[in-house]
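Okay, structure first, notes after.
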Amino acid sequence: MVDRSVLVSGGGIAGSTAAYWLAKAGWSVTIVERAADTRSSGNPVDVRGGAVAIARQMGIWRRLEEAATGVERLVFVDADGRPQATIRTRQRVDRHQEVEVARNELVGLLLEKARENSLIIRDDSITALHQDGGGIDVEFQRTPSRRFDLVVGADGLHSTVRRVAFGPEERFSRQFGMFVGTVPAPVPIEDPLTVLLYNEPGTSLTIHPAGGKPGFAFIFRGQRDFDHRDAEQGRRLVESTYAGGRWLTTLALEEWGASSDRYFDAVTRVDVPQWSAGRVVLLGDAASCISLFGEGSSSAIVGAKTLADAIAAHPGDHTAAFGGYEHTHRKHVRPLLRGAGIASRLLVPKTQSGITMRNAVLNALPFRNKQRTADSQR
């Protein structure tokens with residue numbers, strides 16, 4: 001095979017997975033990552049479905065099992081912390097077919113595998129792409145310009161590659177009408193197997209045990225202009241929305257205001273009509289997602305493998321490779337995107353009557369009585 005080079009923009013879940021498999025197929029791979037190191041905040045993520053087999057093939061499944069949060073249930077509580085309804089997680093049903101891990105744990109393992117055969121450039125970003133018939137000249141903020149055969153944009157919801165090669169972000173994304181913020185929680189966790197969630201109309205506050213590194217999550221409804229680059233705007237929006245809230249809200253807001261390790265963004269739907277433009281292709285959240293809801297992490301792993309397989313099958317024909325990847329992976333993500341509305345109504349009902357109805361429906365499900373019986377026999 002003629003030596004061929006690919007630049008992967010983004011060292012997250014999708015980018016690291018794609019880099020690993022492209023290098024395995026014989027490509028010379030470079031990863032450019034904007035962050036100087038891995039972000040520690042954010043919600044835990046799931047590895048399930050087709051992503052499990054890929055993780056096994058990469059040799060990281062056992063380590064994912066060891067890093068799993070072990071969470072077995074989500075318990076909805078009232079303002080006094082009393083349980084009102086329960087959902088058990090799929091992780092409880094079969095831990096050998098699904099795990100939940102801290103996002104930074106998953107990214108760290110994937111990037112470690114990618115690093116085996118890839119060059120990684122940290123604390124840098126693409127500024128321009130110049131395509132011609134033989135390749136792409138890439139300009140960076142700090143690194144000298146280099147030429148590649150292909151560029152993979154796996155740089156997330158606010159993708160630089162998408163903006164440079166496809167057009168401005170507002171052309172492809174729209175707010176879902178919700179926001180999410182996360183921050184580490186200093187609260188001792190009584191039950192490391194249980195996520196607790198408290199609702200007021202249009203808002204939720206969650207504390208997740210996260211395998212010994214607990215965190216608060218603020219998820220709430222709202223329609224307003226928001227600039228993801230303005231950290232102070234996000235901080236103020238959480239504080240104004242949750243002011244006067246009950247349960248652990250006061251403590252969570254104190255931590256939110258004091259911490260330097262917090263994350264905030266609008267829940268956003270990304271829909272790019274075509275995922276490739278010449279020698280540039282989009283992957284993961286840069287191409288198609290509803291951030292927060294759905295199965296983003298597993299879908300990113302599956303999509304990365306699908307893309308790498310397509311490129312390996314058509315090493316000299318990027319048009320055929322990108323077309324095959326998009327055709328296959330769109331069928332995978334389409335049903336996941338449709339589930340976002342259901343998830344939003346479950347986690348953040350708009351009204352008090354919606355909260356009451358949600359709890360009543362969950363309490364009437366057959367598995368609840370089975371769970372009570374199983375717990376009483378322990």
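Scheme for the structure tokens: letters A, B, ... for chains in order shown; per-chain residue numbers from 1; ligand numbers from 1 in order shown.
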
Using DSSP secondary structure from the backbone, list all alpha helix (DSSP H) positions within segment 129-291 of chain A, as a PyMOL selection string.
chain A and resi 160-165+231-242+249-258

Need to verify the contact set: segment 240-247 of chain A, 12 Å, only C-alpha atoms, exclusion of same-chain residues closer than 4 positions in sequence. Can you return it as a PyMOL selection string?
chain A and resi 76-82+178-181+196-207+217-222+233-236+251-254+256-257

Kindly export the residues of the current selection with N, CA and C atoms, as a short mmCIF file (atom, residue, chain, number, x, y, z; two decimals), in the first residue's frame.
```
data_model
loop_
_atom_site.label_atom_id
_atom_site.label_comp_id
_atom_site.auth_asym_id
_atom_site.auth_seq_id
_atom_site.Cartn_x
_atom_site.Cartn_y
_atom_site.Cartn_z
N PHE A 76 -35.78 8.61 41.54
CA PHE A 76 -36.35 9.95 41.57
C PHE A 76 -36.80 10.25 43.00
N VAL A 77 -36.35 11.38 43.54
CA VAL A 77 -36.64 11.72 44.94
C VAL A 77 -37.43 13.01 45.02
N ASP A 78 -38.07 13.20 46.20
CA ASP A 78 -38.78 14.46 46.44
C ASP A 78 -37.84 15.44 47.14
N ALA A 79 -38.38 16.59 47.54
CA ALA A 79 -37.57 17.65 48.13
C ALA A 79 -36.90 17.24 49.43
N ASP A 80 -37.43 16.21 50.09
CA ASP A 80 -36.83 15.70 51.33
C ASP A 80 -35.92 14.50 51.09
N GLY A 81 -35.70 14.17 49.81
CA GLY A 81 -34.82 13.06 49.48
C GLY A 81 -35.48 11.70 49.56
N ARG A 82 -36.80 11.65 49.68
CA ARG A 82 -37.50 10.37 49.78
C ARG A 82 -37.77 9.81 48.38
N MET A 178 -33.05 22.87 25.86
CA MET A 178 -32.59 22.44 27.17
C MET A 178 -31.11 22.79 27.33
N PHE A 179 -30.67 22.84 28.60
CA PHE A 179 -29.28 23.11 28.92
C PHE A 179 -28.79 22.09 29.93
N VAL A 180 -27.47 21.89 29.97
CA VAL A 180 -26.88 20.97 30.93
C VAL A 180 -25.60 21.55 31.50
N GLY A 181 -25.46 21.41 32.81
CA GLY A 181 -24.23 21.81 33.49
C GLY A 181 -23.80 20.71 34.44
N LEU A 196 -29.32 9.65 42.16
CA LEU A 196 -30.49 10.33 42.70
C LEU A 196 -30.83 11.54 41.84
N LEU A 197 -32.11 11.71 41.55
CA LEU A 197 -32.55 12.82 40.69
C LEU A 197 -33.76 13.50 41.32
N TYR A 198 -33.68 14.81 41.43
CA TYR A 198 -34.76 15.62 41.99
C TYR A 198 -35.28 16.57 40.92
N ASN A 199 -36.60 16.61 40.76
CA ASN A 199 -37.23 17.50 39.78
C ASN A 199 -38.03 18.60 40.44
N GLU A 200 -37.96 19.79 39.87
CA GLU A 200 -38.98 20.81 39.96
C GLU A 200 -39.41 21.06 38.51
N PRO A 201 -40.58 21.65 38.27
CA PRO A 201 -41.04 21.79 36.88
C PRO A 201 -40.00 22.44 35.98
N GLY A 202 -39.62 21.73 34.94
CA GLY A 202 -38.66 22.25 33.97
C GLY A 202 -37.20 22.12 34.35
N THR A 203 -36.90 21.55 35.54
CA THR A 203 -35.51 21.41 35.96
C THR A 203 -35.29 20.03 36.59
N SER A 204 -34.04 19.61 36.56
CA SER A 204 -33.64 18.43 37.32
C SER A 204 -32.27 18.68 37.92
N LEU A 205 -32.05 18.10 39.08
CA LEU A 205 -30.74 18.11 39.73
C LEU A 205 -30.40 16.66 40.07
N THR A 206 -29.25 16.22 39.59
CA THR A 206 -28.83 14.83 39.78
C THR A 206 -27.52 14.78 40.54
N ILE A 207 -27.38 13.78 41.40
CA ILE A 207 -26.07 13.47 41.95
C ILE A 207 -25.74 12.03 41.56
N ALA A 217 -25.34 17.21 38.32
CA ALA A 217 -25.73 17.60 36.97
C ALA A 217 -26.99 18.44 37.04
N PHE A 218 -26.95 19.60 36.41
CA PHE A 218 -28.11 20.47 36.28
C PHE A 218 -28.62 20.32 34.84
N ILE A 219 -29.86 19.84 34.67
CA ILE A 219 -30.46 19.75 33.34
C ILE A 219 -31.79 20.49 33.40
N PHE A 220 -31.98 21.47 32.52
CA PHE A 220 -33.19 22.28 32.62
C PHE A 220 -33.63 22.77 31.25
N ARG A 221 -34.91 23.10 31.19
CA ARG A 221 -35.52 23.58 29.96
C ARG A 221 -35.36 25.10 29.84
N GLY A 222 -35.30 25.56 28.60
CA GLY A 222 -35.21 27.00 28.36
C GLY A 222 -34.93 27.28 26.90
N GLN A 233 -21.67 33.42 31.26
CA GLN A 233 -23.09 33.36 30.92
C GLN A 233 -23.70 32.04 31.39
N GLY A 234 -22.97 30.94 31.17
CA GLY A 234 -23.44 29.64 31.63
C GLY A 234 -23.56 29.57 33.14
N ARG A 235 -22.57 30.11 33.84
CA ARG A 235 -22.60 30.10 35.30
C ARG A 235 -23.82 30.85 35.82
N ARG A 236 -24.06 32.03 35.27
CA ARG A 236 -25.19 32.84 35.72
C ARG A 236 -26.53 32.18 35.39
N LEU A 251 -26.49 23.43 48.14
CA LEU A 251 -25.13 22.88 48.15
C LEU A 251 -24.57 22.77 46.74
N ALA A 252 -25.39 22.30 45.80
CA ALA A 252 -24.93 22.15 44.42
C ALA A 252 -24.56 23.50 43.82
N LEU A 253 -25.35 24.54 44.11
CA LEU A 253 -25.04 25.87 43.57
C LEU A 253 -23.77 26.44 44.19
N GLU A 254 -23.54 26.16 45.47
CA GLU A 254 -22.29 26.62 46.08
C GLU A 254 -21.09 26.00 45.39
N TRP A 256 -21.06 24.76 42.35
CA TRP A 256 -21.05 25.27 40.98
C TRP A 256 -20.33 26.63 40.90
N GLY A 257 -20.62 27.49 41.84
CA GLY A 257 -20.01 28.82 41.81
C GLY A 257 -18.54 28.82 42.16
#
```

Using only C-alpha atoms, what table do you get, as JSON lines, when you list each residue of segment 225-336 of chain A with an atom no more than 9 Å from segment 6-28 of chain A, its nearest pair of atoms, and their distance in Å rounded to one decimal, rows by chain then rising number?
```
{"residue": "A:Leu283", "atom": "CA", "partner": "A:Ala14", "partner_atom": "CA", "distance": 6.8}
{"residue": "A:Gly284", "atom": "CA", "partner": "A:Ala14", "partner_atom": "CA", "distance": 5.7}
{"residue": "A:Asp285", "atom": "CA", "partner": "A:Ala14", "partner_atom": "CA", "distance": 8.5}
{"residue": "A:Ser297", "atom": "CA", "partner": "A:Ile13", "partner_atom": "CA", "distance": 6.7}
{"residue": "A:Ser298", "atom": "CA", "partner": "A:Ile13", "partner_atom": "CA", "distance": 8.8}
{"residue": "A:Ser299", "atom": "CA", "partner": "A:Ala14", "partner_atom": "CA", "distance": 8.5}
{"residue": "A:Ala300", "atom": "CA", "partner": "A:Ala14", "partner_atom": "CA", "distance": 4.7}
{"residue": "A:Ile301", "atom": "CA", "partner": "A:Ala14", "partner_atom": "CA", "distance": 5.6}
{"residue": "A:Val302", "atom": "CA", "partner": "A:Ala14", "partner_atom": "CA", "distance": 8.5}
{"residue": "A:Gly303", "atom": "CA", "partner": "A:Ala14", "partner_atom": "CA", "distance": 7.4}
{"residue": "A:Ala304", "atom": "CA", "partner": "A:Ala18", "partner_atom": "CA", "distance": 4.6}
{"residue": "A:Lys305", "atom": "CA", "partner": "A:Ala18", "partner_atom": "CA", "distance": 6.1}
{"residue": "A:Thr306", "atom": "CA", "partner": "A:Ala18", "partner_atom": "CA", "distance": 8.7}
{"residue": "A:Leu307", "atom": "CA", "partner": "A:Ala18", "partner_atom": "CA", "distance": 7.3}
{"residue": "A:Ala308", "atom": "CA", "partner": "A:Leu22", "partner_atom": "CA", "distance": 5.4}
{"residue": "A:Asp309", "atom": "CA", "partner": "A:Trp21", "partner_atom": "CA", "distance": 7.8}
{"residue": "A:Ile311", "atom": "CA", "partner": "A:Leu22", "partner_atom": "CA", "distance": 7.9}
{"residue": "A:Ala312", "atom": "CA", "partner": "A:Ala25", "partner_atom": "CA", "distance": 6.0}
```

Please write the residues from the selection above to a file, keeping C-alpha atoms, as a PDB file, in the first residue's frame.
```pdb
ATOM      1  CA  LEU A 283     -17.537  11.930  12.467  1.00  0.00           C
ATOM      2  CA  GLY A 284     -19.369  11.703  15.792  1.00  0.00           C
ATOM      3  CA  ASP A 285     -21.099  14.771  17.207  1.00  0.00           C
ATOM      4  CA  SER A 297     -20.483   7.548  23.094  1.00  0.00           C
ATOM      5  CA  SER A 298     -21.361   4.110  21.721  1.00  0.00           C
ATOM      6  CA  SER A 299     -22.491   5.622  18.431  1.00  0.00           C
ATOM      7  CA  ALA A 300     -19.188   7.486  18.159  1.00  0.00           C
ATOM      8  CA  ILE A 301     -17.220   4.249  18.593  1.00  0.00           C
ATOM      9  CA  VAL A 302     -19.367   2.379  16.050  1.00  0.00           C
ATOM     10  CA  GLY A 303     -19.198   5.257  13.574  1.00  0.00           C
ATOM     11  CA  ALA A 304     -15.421   5.520  13.887  1.00  0.00           C
ATOM     12  CA  LYS A 305     -14.986   1.820  13.125  1.00  0.00           C
ATOM     13  CA  THR A 306     -17.425   2.064  10.212  1.00  0.00           C
ATOM     14  CA  LEU A 307     -15.468   4.993   8.761  1.00  0.00           C
ATOM     15  CA  ALA A 308     -12.086   3.297   9.204  1.00  0.00           C
ATOM     16  CA  ASP A 309     -13.385   0.096   7.596  1.00  0.00           C
ATOM     17  CA  ILE A 311     -11.479   3.899   4.111  1.00  0.00           C
ATOM     18  CA  ALA A 312      -9.538   0.639   4.369  1.00  0.00           C
TER      19      ALA A 312
END
```

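Considering only C-alpha atoms, the residue among A:Ala286, A:Val99, A:Leu362, A:Val32 positioned nearest to Ile120 of chain A is A:Val32.
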
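If you look at atom CA of Ser145 of chain A and atom CA of Arg171 of chain A, they are 27.9 Å away from each other.
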
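Taking only C-alpha atoms, the non-local environment of Ser259 of chain A within 12 Å (same-chain residues fewer than 6 positions away omitted) comprises Ser41, Thr182, Val183, Pro184, Ala185, Pro186, Gly215, Phe216, Arg235, Ala252 and Leu253 of chain A.
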
With N, CA and C atoms retained, write the just-selected residues as an mmCIF file, in the first residue's frame.
```
data_model
loop_
_atom_site.group_PDB
_atom_site.id
_atom_site.type_symbol
_atom_site.label_atom_id
_atom_site.label_comp_id
_atom_site.auth_asym_id
_atom_site.auth_seq_id
_atom_site.Cartn_x
_atom_site.Cartn_y
_atom_site.Cartn_z
ATOM 1 N N SER A 41 -14.603 16.808 33.969
ATOM 2 C CA SER A 41 -16.017 16.960 34.286
ATOM 3 C C SER A 41 -16.887 16.410 33.163
ATOM 4 N N THR A 182 -22.497 20.468 34.566
ATOM 5 C CA THR A 182 -21.999 19.462 35.501
ATOM 6 C C THR A 182 -20.841 20.030 36.303
ATOM 7 N N VAL A 183 -20.681 19.497 37.524
ATOM 8 C CA VAL A 183 -19.613 19.935 38.417
ATOM 9 C C VAL A 183 -19.357 18.821 39.434
ATOM 10 N N PRO A 184 -18.116 18.634 39.870
ATOM 11 C CA PRO A 184 -17.860 17.628 40.915
ATOM 12 C C PRO A 184 -18.635 17.933 42.184
ATOM 13 N N ALA A 185 -19.032 16.882 42.898
ATOM 14 C CA ALA A 185 -19.814 17.028 44.130
ATOM 15 C C ALA A 185 -18.988 16.556 45.329
ATOM 16 N N PRO A 186 -18.929 17.345 46.398
ATOM 17 C CA PRO A 186 -18.152 16.963 47.586
ATOM 18 C C PRO A 186 -18.950 16.133 48.580
ATOM 19 N N GLY A 215 -20.642 13.543 41.117
ATOM 20 C CA GLY A 215 -20.837 14.819 40.441
ATOM 21 C C GLY A 215 -22.294 15.226 40.430
ATOM 22 N N PHE A 216 -22.530 16.553 40.431
ATOM 23 C CA PHE A 216 -23.864 17.115 40.251
ATOM 24 C C PHE A 216 -24.093 17.379 38.765
ATOM 25 N N ARG A 235 -22.566 30.115 33.835
ATOM 26 C CA ARG A 235 -22.596 30.099 35.301
ATOM 27 C C ARG A 235 -23.816 30.851 35.819
ATOM 28 N N ALA A 252 -25.394 22.301 45.803
ATOM 29 C CA ALA A 252 -24.932 22.149 44.423
ATOM 30 C C ALA A 252 -24.560 23.503 43.817
ATOM 31 N N LEU A 253 -25.345 24.539 44.106
ATOM 32 C CA LEU A 253 -25.038 25.866 43.570
ATOM 33 C C LEU A 253 -23.767 26.436 44.193
#
```

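Atom pair atom CA of Thr194 of chain A / atom CA of Cys289 of chain A has a distance of 27.4 Å (rounded to one decimal).
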